[in-house]
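K.L.:
Structure: my_file_39.txt, compact mmCIF, C-alpha atoms.
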```txt
# COMPACT_ATOMS: atom_id res chain seq x y z
CA MET A 84 -152.29 49.33 -50.72
CA ARG A 85 -149.97 52.33 -50.93
CA ALA A 86 -150.77 55.55 -49.19
CA VAL A 87 -149.98 58.84 -50.88
CA THR A 88 -148.30 61.39 -48.65
CA GLY A 89 -148.87 65.12 -48.78
CA SER A 90 -145.90 65.56 -51.11
CA GLY A 91 -147.38 63.11 -53.63
CA ARG A 92 -144.66 60.55 -52.83
CA ARG A 93 -145.92 56.99 -52.35
CA ASP A 94 -145.31 55.44 -48.96
CA ARG A 95 -143.37 52.22 -49.47
CA VAL A 96 -144.36 50.62 -46.17
CA PRO A 97 -147.21 48.17 -46.71
CA PRO A 98 -150.09 48.10 -44.21
CA HIS A 99 -149.71 45.78 -41.23
CA PRO A 100 -152.60 44.34 -39.24
CA ASP A 101 -153.09 44.99 -35.55
CA LEU A 102 -152.40 41.67 -33.83
CA SER A 103 -155.45 42.11 -31.63
CA GLU A 104 -157.52 41.65 -34.81
CA ILE A 105 -155.72 38.46 -35.88
CA GLY A 106 -157.23 35.13 -34.89
CA LEU A 107 -155.40 31.89 -34.25
CA GLN A 108 -156.98 30.27 -37.33
CA GLN A 109 -155.52 32.92 -39.65
CA VAL A 110 -152.07 32.38 -38.13
CA LEU A 111 -152.30 28.60 -38.42
CA ASP A 112 -153.51 28.90 -42.03
CA ALA A 113 -150.42 31.00 -42.80
CA LEU A 114 -148.09 28.55 -41.08
CA VAL A 115 -149.48 25.42 -42.72
CA ASP A 116 -147.26 25.96 -45.78
CA PRO A 117 -143.67 24.66 -45.41
CA VAL A 118 -142.21 27.60 -47.38
CA ARG A 119 -143.80 30.08 -44.99
CA ARG A 120 -142.61 28.06 -41.99
CA ARG A 121 -139.12 28.19 -43.47
CA ILE A 122 -139.31 31.98 -43.76
CA VAL A 123 -140.49 32.28 -40.14
CA ALA A 124 -137.77 29.89 -38.94
CA GLU A 125 -135.04 31.86 -40.74
CA LEU A 126 -136.28 35.17 -39.36
CA TYR A 127 -136.55 33.63 -35.88
CA ALA A 128 -132.96 32.32 -36.05
CA ALA A 129 -131.56 35.54 -37.52
CA GLY A 130 -132.98 37.76 -34.81
CA GLU A 131 -132.70 40.72 -37.19
CA ASP A 132 -134.29 42.11 -40.33
CA LEU A 133 -133.64 40.11 -43.49
CA ALA A 134 -134.16 41.13 -47.10
CA CYS A 135 -136.53 38.92 -49.08
CA GLY A 136 -133.73 37.87 -51.42
CA THR A 137 -131.44 36.66 -48.64
CA ILE A 138 -133.78 33.84 -47.68
CA GLU A 139 -133.26 30.99 -50.14
CA LEU A 140 -136.59 29.51 -51.10
CA PRO A 141 -137.45 26.68 -53.52
CA VAL A 142 -140.02 28.84 -55.34
CA SER A 143 -140.10 31.57 -57.97
CA LYS A 144 -139.72 35.22 -56.97
CA SER A 145 -143.43 35.91 -57.57
CA THR A 146 -144.44 32.91 -55.42
CA ALA A 147 -142.03 34.03 -52.68
CA THR A 148 -143.67 37.48 -52.79
CA HIS A 149 -147.04 35.79 -52.25
CA HIS A 150 -145.70 33.87 -49.24
CA PHE A 151 -144.31 37.05 -47.64
CA HIS A 152 -147.67 38.74 -48.26
CA VAL A 153 -149.56 35.93 -46.50
CA LEU A 154 -147.21 36.14 -43.51
CA ARG A 155 -147.65 39.92 -43.32
CA GLU A 156 -151.45 39.68 -43.56
CA ALA A 157 -151.43 37.09 -40.75
CA GLY A 158 -149.46 39.50 -38.57
CA LEU A 159 -146.32 37.37 -38.42
CA ILE A 160 -143.93 39.80 -40.11
CA ARG A 161 -143.44 43.50 -40.69
CA GLN A 162 -142.01 44.75 -43.96
CA HIS A 163 -140.23 47.99 -44.83
CA TYR A 164 -137.76 49.19 -47.41
CA ALA A 165 -134.07 49.88 -46.87
CA GLY A 166 -132.99 51.40 -50.17
CA THR A 167 -134.28 49.02 -52.80
CA SER A 168 -134.46 45.97 -50.50
CA ARG A 169 -137.72 44.92 -48.90
CA MET A 170 -136.80 44.01 -45.35
CA ASN A 171 -138.70 41.56 -43.15
CA THR A 172 -138.95 41.53 -39.38
CA LEU A 173 -140.54 38.75 -37.36
CA ARG A 174 -143.03 40.31 -34.93
CA ARG A 175 -141.61 38.08 -32.24
CA GLU A 176 -142.33 40.08 -29.07
CA GLU A 177 -145.81 41.13 -30.18
CA PHE A 178 -146.60 37.59 -31.23
CA GLU A 179 -145.34 36.11 -27.97
CA GLU A 180 -147.69 38.41 -26.09
CA ARG A 181 -150.69 37.48 -28.26
CA PHE A 182 -149.95 33.74 -28.74
CA PRO A 183 -147.46 32.69 -26.03
CA GLY A 184 -145.07 29.93 -27.11
CA LEU A 185 -146.55 29.46 -30.58
CA LEU A 186 -143.60 30.76 -32.63
CA ARG A 187 -141.07 28.78 -30.62
CA ALA A 188 -143.17 25.62 -31.03
CA VAL A 189 -143.54 26.14 -34.79
CA VAL A 190 -139.83 26.81 -35.28
CA THR A 191 -138.84 23.82 -33.15
CA ALA A 192 -141.20 21.51 -35.04
CA HIS A 193 -139.94 22.88 -38.39
CA ALA A 194 -136.33 22.17 -37.40
CA ARG A 195 -137.19 18.57 -36.55
CA GLY A 196 -138.70 18.08 -39.99
```
Now, as a test, write the supplied structure out as structure tokens.
P.N.:
Amino acid sequence: MRAVTGSGRRDRVPPHPDLSEIGLQQVLDALVDPVRRRIVAELYAAGEDLACGTIELPVSKSTATHHFHVLREAGLIRQHYAGTSRMNTLRREEFEERFPGLLRAVVTAHARG
């Protein structure tokens, strides 16, 4: 959903859920897919914002967009634009407060295969 500002310009920042409204089941459902775990692991390792296109994924661009959407809806990432690039940020600190140790455990398990 895109909000229209007073000037008529469309806001390019997608809506992000409040983590207090996100349940563990929704997070686990998002993390069950190996492509989404890969995205989370790369963002976790990078420690900075990454553009969608900089994360190599074994799926089409439209499927990758779907995966990023699922992660955003589950509260795992924030997205914003920098020029024409859609940037992704892992909500690491917020997530650690809501679900202590979960991200680290998921990333560690993903790295082990």
K.L.:
Between CA of Arg95 in chain A and CA of Ala157 in chain A, what distance in Å does the model show, to one decimal?
P.N.:
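Taking CA of Arg95 in chain A as the start and CA of Ala157 in chain A as the end point, the length is 19.2 Å.
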K.L.:
Just the number, please: distance in Å from CA of Met170 in chain A to CA of Arg120 in chain A, one decimal.
P.N.:
17.3 Å
K.L.:
Given the choices A:Leu140, A:Ala134, A:Ala165, A:Leu102, which gets closest to Val118 in chain A if the distance is worked out from all atoms listed in the file?
P.N.:
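Under the stated criterion, the closest residue is A:Leu140.
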K.L.:
What does the distance between CA of Val123 in chain A and CA of His99 in chain A come to in Å, to one decimal place?
P.N.:
16.4 Å
K.L.:
Return the single residue from A:Gly106, A:Gly196, A:Gly130, A:Pro141 that is closest to Thr172 in chain A, with distances computed using only C-alpha atoms.
P.N.:
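The closest residue to Thr172 in chain A is A:Gly130.
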K.L.:
Need the shell around Asp132 in chain A: protein/DNA/RNA residues with any atom at most 10 Å away, counting all atoms listed in the file. Skip same-chain ones fewer than 6 positions apart. Format as a PDB file with C-alpha atoms, in the frame of the given file?
P.N.:
```
ATOM      1  CA  LEU A 126    -136.280  35.170 -39.360  1.00  0.00           C
ATOM      2  CA  ILE A 160    -143.930  39.800 -40.110  1.00  0.00           C
ATOM      3  CA  ARG A 161    -143.440  43.500 -40.690  1.00  0.00           C
ATOM      4  CA  GLN A 162    -142.010  44.750 -43.960  1.00  0.00           C
ATOM      5  CA  HIS A 163    -140.230  47.990 -44.830  1.00  0.00           C
ATOM      6  CA  ARG A 169    -137.720  44.920 -48.900  1.00  0.00           C
ATOM      7  CA  MET A 170    -136.800  44.010 -45.350  1.00  0.00           C
ATOM      8  CA  ASN A 171    -138.700  41.560 -43.150  1.00  0.00           C
ATOM      9  CA  THR A 172    -138.950  41.530 -39.380  1.00  0.00           C
ATOM     10  CA  LEU A 173    -140.540  38.750 -37.360  1.00  0.00           C
TER      11      LEU A 173
END
```
K.L.:
Kindly output range 180-191 of chain A as a PDB file, in the frame of the given file, after building all heavy atoms.
P.N.:
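Listing of selection24.pdb after writing:
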```
ATOM      1  N   GLU A 180    -146.665  37.866 -26.986  1.00  0.00           N
ATOM      2  CA  GLU A 180    -147.690  38.410 -26.090  1.00  0.00           C
ATOM      3  C   GLU A 180    -149.086  37.907 -26.478  1.00  0.00           C
ATOM      4  O   GLU A 180    -149.887  37.566 -25.625  1.00  0.00           O
ATOM      5  CB  GLU A 180    -147.646  39.937 -26.122  1.00  0.00           C
ATOM      6  CG  GLU A 180    -148.558  40.591 -25.115  1.00  0.00           C
ATOM      7  CD  GLU A 180    -148.393  42.099 -25.119  1.00  0.00           C
ATOM      8  OE1 GLU A 180    -147.248  42.569 -25.053  1.00  0.00           O
ATOM      9  OE2 GLU A 180    -149.428  42.787 -25.200  1.00  0.00           O
ATOM     10  N   ARG A 181    -149.359  37.865 -27.771  1.00  0.00           N
ATOM     11  CA  ARG A 181    -150.690  37.480 -28.260  1.00  0.00           C
ATOM     12  C   ARG A 181    -150.909  35.968 -28.235  1.00  0.00           C
ATOM     13  O   ARG A 181    -151.979  35.485 -27.887  1.00  0.00           O
ATOM     14  CB  ARG A 181    -150.870  38.010 -29.691  1.00  0.00           C
ATOM     15  CG  ARG A 181    -152.164  37.609 -30.369  1.00  0.00           C
ATOM     16  CD  ARG A 181    -153.274  38.567 -30.064  1.00  0.00           C
ATOM     17  NE  ARG A 181    -154.389  38.342 -30.962  1.00  0.00           N
ATOM     18  CZ  ARG A 181    -155.566  37.870 -30.562  1.00  0.00           C
ATOM     19  NH1 ARG A 181    -155.792  37.638 -29.307  1.00  0.00           N
ATOM     20  NH2 ARG A 181    -156.524  37.678 -31.444  1.00  0.00           N
ATOM     21  N   PHE A 182    -149.879  35.202 -28.655  1.00  0.00           N
ATOM     22  CA  PHE A 182    -149.950  33.740 -28.740  1.00  0.00           C
ATOM     23  C   PHE A 182    -148.709  33.144 -28.077  1.00  0.00           C
ATOM     24  O   PHE A 182    -147.783  32.696 -28.764  1.00  0.00           O
ATOM     25  CB  PHE A 182    -150.039  33.282 -30.203  1.00  0.00           C
ATOM     26  CG  PHE A 182    -151.198  33.842 -30.970  1.00  0.00           C
ATOM     27  CD1 PHE A 182    -151.010  34.858 -31.900  1.00  0.00           C
ATOM     28  CD2 PHE A 182    -152.478  33.355 -30.769  1.00  0.00           C
ATOM     29  CE1 PHE A 182    -152.078  35.381 -32.615  1.00  0.00           C
ATOM     30  CE2 PHE A 182    -153.558  33.870 -31.483  1.00  0.00           C
ATOM     31  CZ  PHE A 182    -153.353  34.887 -32.398  1.00  0.00           C
ATOM     32  N   PRO A 183    -148.664  33.125 -26.752  1.00  0.00           N
ATOM     33  CA  PRO A 183    -147.460  32.690 -26.030  1.00  0.00           C
ATOM     34  C   PRO A 183    -146.984  31.284 -26.451  1.00  0.00           C
ATOM     35  O   PRO A 183    -147.767  30.337 -26.489  1.00  0.00           O
ATOM     36  CB  PRO A 183    -147.893  32.682 -24.564  1.00  0.00           C
ATOM     37  CG  PRO A 183    -149.086  33.579 -24.506  1.00  0.00           C
ATOM     38  CD  PRO A 183    -149.752  33.464 -25.840  1.00  0.00           C
ATOM     39  N   GLY A 184    -145.696  31.204 -26.789  1.00  0.00           N
ATOM     40  CA  GLY A 184    -145.070  29.930 -27.110  1.00  0.00           C
ATOM     41  C   GLY A 184    -145.299  29.396 -28.505  1.00  0.00           C
ATOM     42  O   GLY A 184    -144.646  28.436 -28.921  1.00  0.00           O
ATOM     43  N   LEU A 185    -146.198  30.003 -29.263  1.00  0.00           N
ATOM     44  CA  LEU A 185    -146.550  29.460 -30.580  1.00  0.00           C
ATOM     45  C   LEU A 185    -145.373  29.515 -31.559  1.00  0.00           C
ATOM     46  O   LEU A 185    -145.064  28.509 -32.213  1.00  0.00           O
ATOM     47  CB  LEU A 185    -147.760  30.180 -31.176  1.00  0.00           C
ATOM     48  CG  LEU A 185    -148.212  29.681 -32.545  1.00  0.00           C
ATOM     49  CD1 LEU A 185    -148.639  28.218 -32.473  1.00  0.00           C
ATOM     50  CD2 LEU A 185    -149.350  30.526 -33.076  1.00  0.00           C
ATOM     51  N   LEU A 186    -144.714  30.653 -31.677  1.00  0.00           N
ATOM     52  CA  LEU A 186    -143.600  30.760 -32.630  1.00  0.00           C
ATOM     53  C   LEU A 186    -142.489  29.773 -32.298  1.00  0.00           C
ATOM     54  O   LEU A 186    -141.965  29.103 -33.186  1.00  0.00           O
ATOM     55  CB  LEU A 186    -143.039  32.184 -32.664  1.00  0.00           C
ATOM     56  CG  LEU A 186    -143.852  33.203 -33.429  1.00  0.00           C
ATOM     57  CD1 LEU A 186    -143.182  34.572 -33.360  1.00  0.00           C
ATOM     58  CD2 LEU A 186    -144.045  32.785 -34.873  1.00  0.00           C
ATOM     59  N   ARG A 187    -142.128  29.701 -31.037  1.00  0.00           N
ATOM     60  CA  ARG A 187    -141.070  28.780 -30.620  1.00  0.00           C
ATOM     61  C   ARG A 187    -141.454  27.337 -30.977  1.00  0.00           C
ATOM     62  O   ARG A 187    -140.638  26.571 -31.493  1.00  0.00           O
ATOM     63  CB  ARG A 187    -140.782  28.903 -29.136  1.00  0.00           C
ATOM     64  CG  ARG A 187    -139.610  28.079 -28.656  1.00  0.00           C
ATOM     65  CD  ARG A 187    -139.242  28.369 -27.206  1.00  0.00           C
ATOM     66  NE  ARG A 187    -140.198  29.246 -26.545  1.00  0.00           N
ATOM     67  CZ  ARG A 187    -141.049  28.862 -25.592  1.00  0.00           C
ATOM     68  NH1 ARG A 187    -141.056  27.643 -25.158  1.00  0.00           N
ATOM     69  NH2 ARG A 187    -141.893  29.705 -25.045  1.00  0.00           N
ATOM     70  N   ALA A 188    -142.695  26.974 -30.716  1.00  0.00           N
ATOM     71  CA  ALA A 188    -143.170  25.620 -31.030  1.00  0.00           C
ATOM     72  C   ALA A 188    -143.122  25.341 -32.531  1.00  0.00           C
ATOM     73  O   ALA A 188    -142.692  24.264 -32.959  1.00  0.00           O
ATOM     74  CB  ALA A 188    -144.586  25.418 -30.491  1.00  0.00           C
ATOM     75  N   VAL A 189    -143.541  26.309 -33.329  1.00  0.00           N
ATOM     76  CA  VAL A 189    -143.540  26.140 -34.790  1.00  0.00           C
ATOM     77  C   VAL A 189    -142.114  26.006 -35.305  1.00  0.00           C
ATOM     78  O   VAL A 189    -141.809  25.118 -36.116  1.00  0.00           O
ATOM     79  CB  VAL A 189    -144.264  27.319 -35.479  1.00  0.00           C
ATOM     80  CG1 VAL A 189    -143.997  27.344 -36.979  1.00  0.00           C
ATOM     81  CG2 VAL A 189    -145.754  27.250 -35.191  1.00  0.00           C
ATOM     82  N   VAL A 190    -141.215  26.845 -34.826  1.00  0.00           N
ATOM     83  CA  VAL A 190    -139.830  26.810 -35.280  1.00  0.00           C
ATOM     84  C   VAL A 190    -139.146  25.514 -34.852  1.00  0.00           C
ATOM     85  O   VAL A 190    -138.418  24.891 -35.632  1.00  0.00           O
ATOM     86  CB  VAL A 190    -139.062  28.049 -34.768  1.00  0.00           C
ATOM     87  CG1 VAL A 190    -137.569  27.919 -34.988  1.00  0.00           C
ATOM     88  CG2 VAL A 190    -139.603  29.303 -35.443  1.00  0.00           C
ATOM     89  N   THR A 191    -139.406  25.072 -33.633  1.00  0.00           N
ATOM     90  CA  THR A 191    -138.840  23.820 -33.150  1.00  0.00           C
ATOM     91  C   THR A 191    -139.341  22.634 -33.979  1.00  0.00           C
ATOM     92  O   THR A 191    -138.553  21.773 -34.400  1.00  0.00           O
ATOM     93  CB  THR A 191    -139.178  23.602 -31.657  1.00  0.00           C
ATOM     94  OG1 THR A 191    -138.631  24.700 -30.913  1.00  0.00           O
ATOM     95  CG2 THR A 191    -138.610  22.300 -31.131  1.00  0.00           C
TER      96      THR A 191
END
```
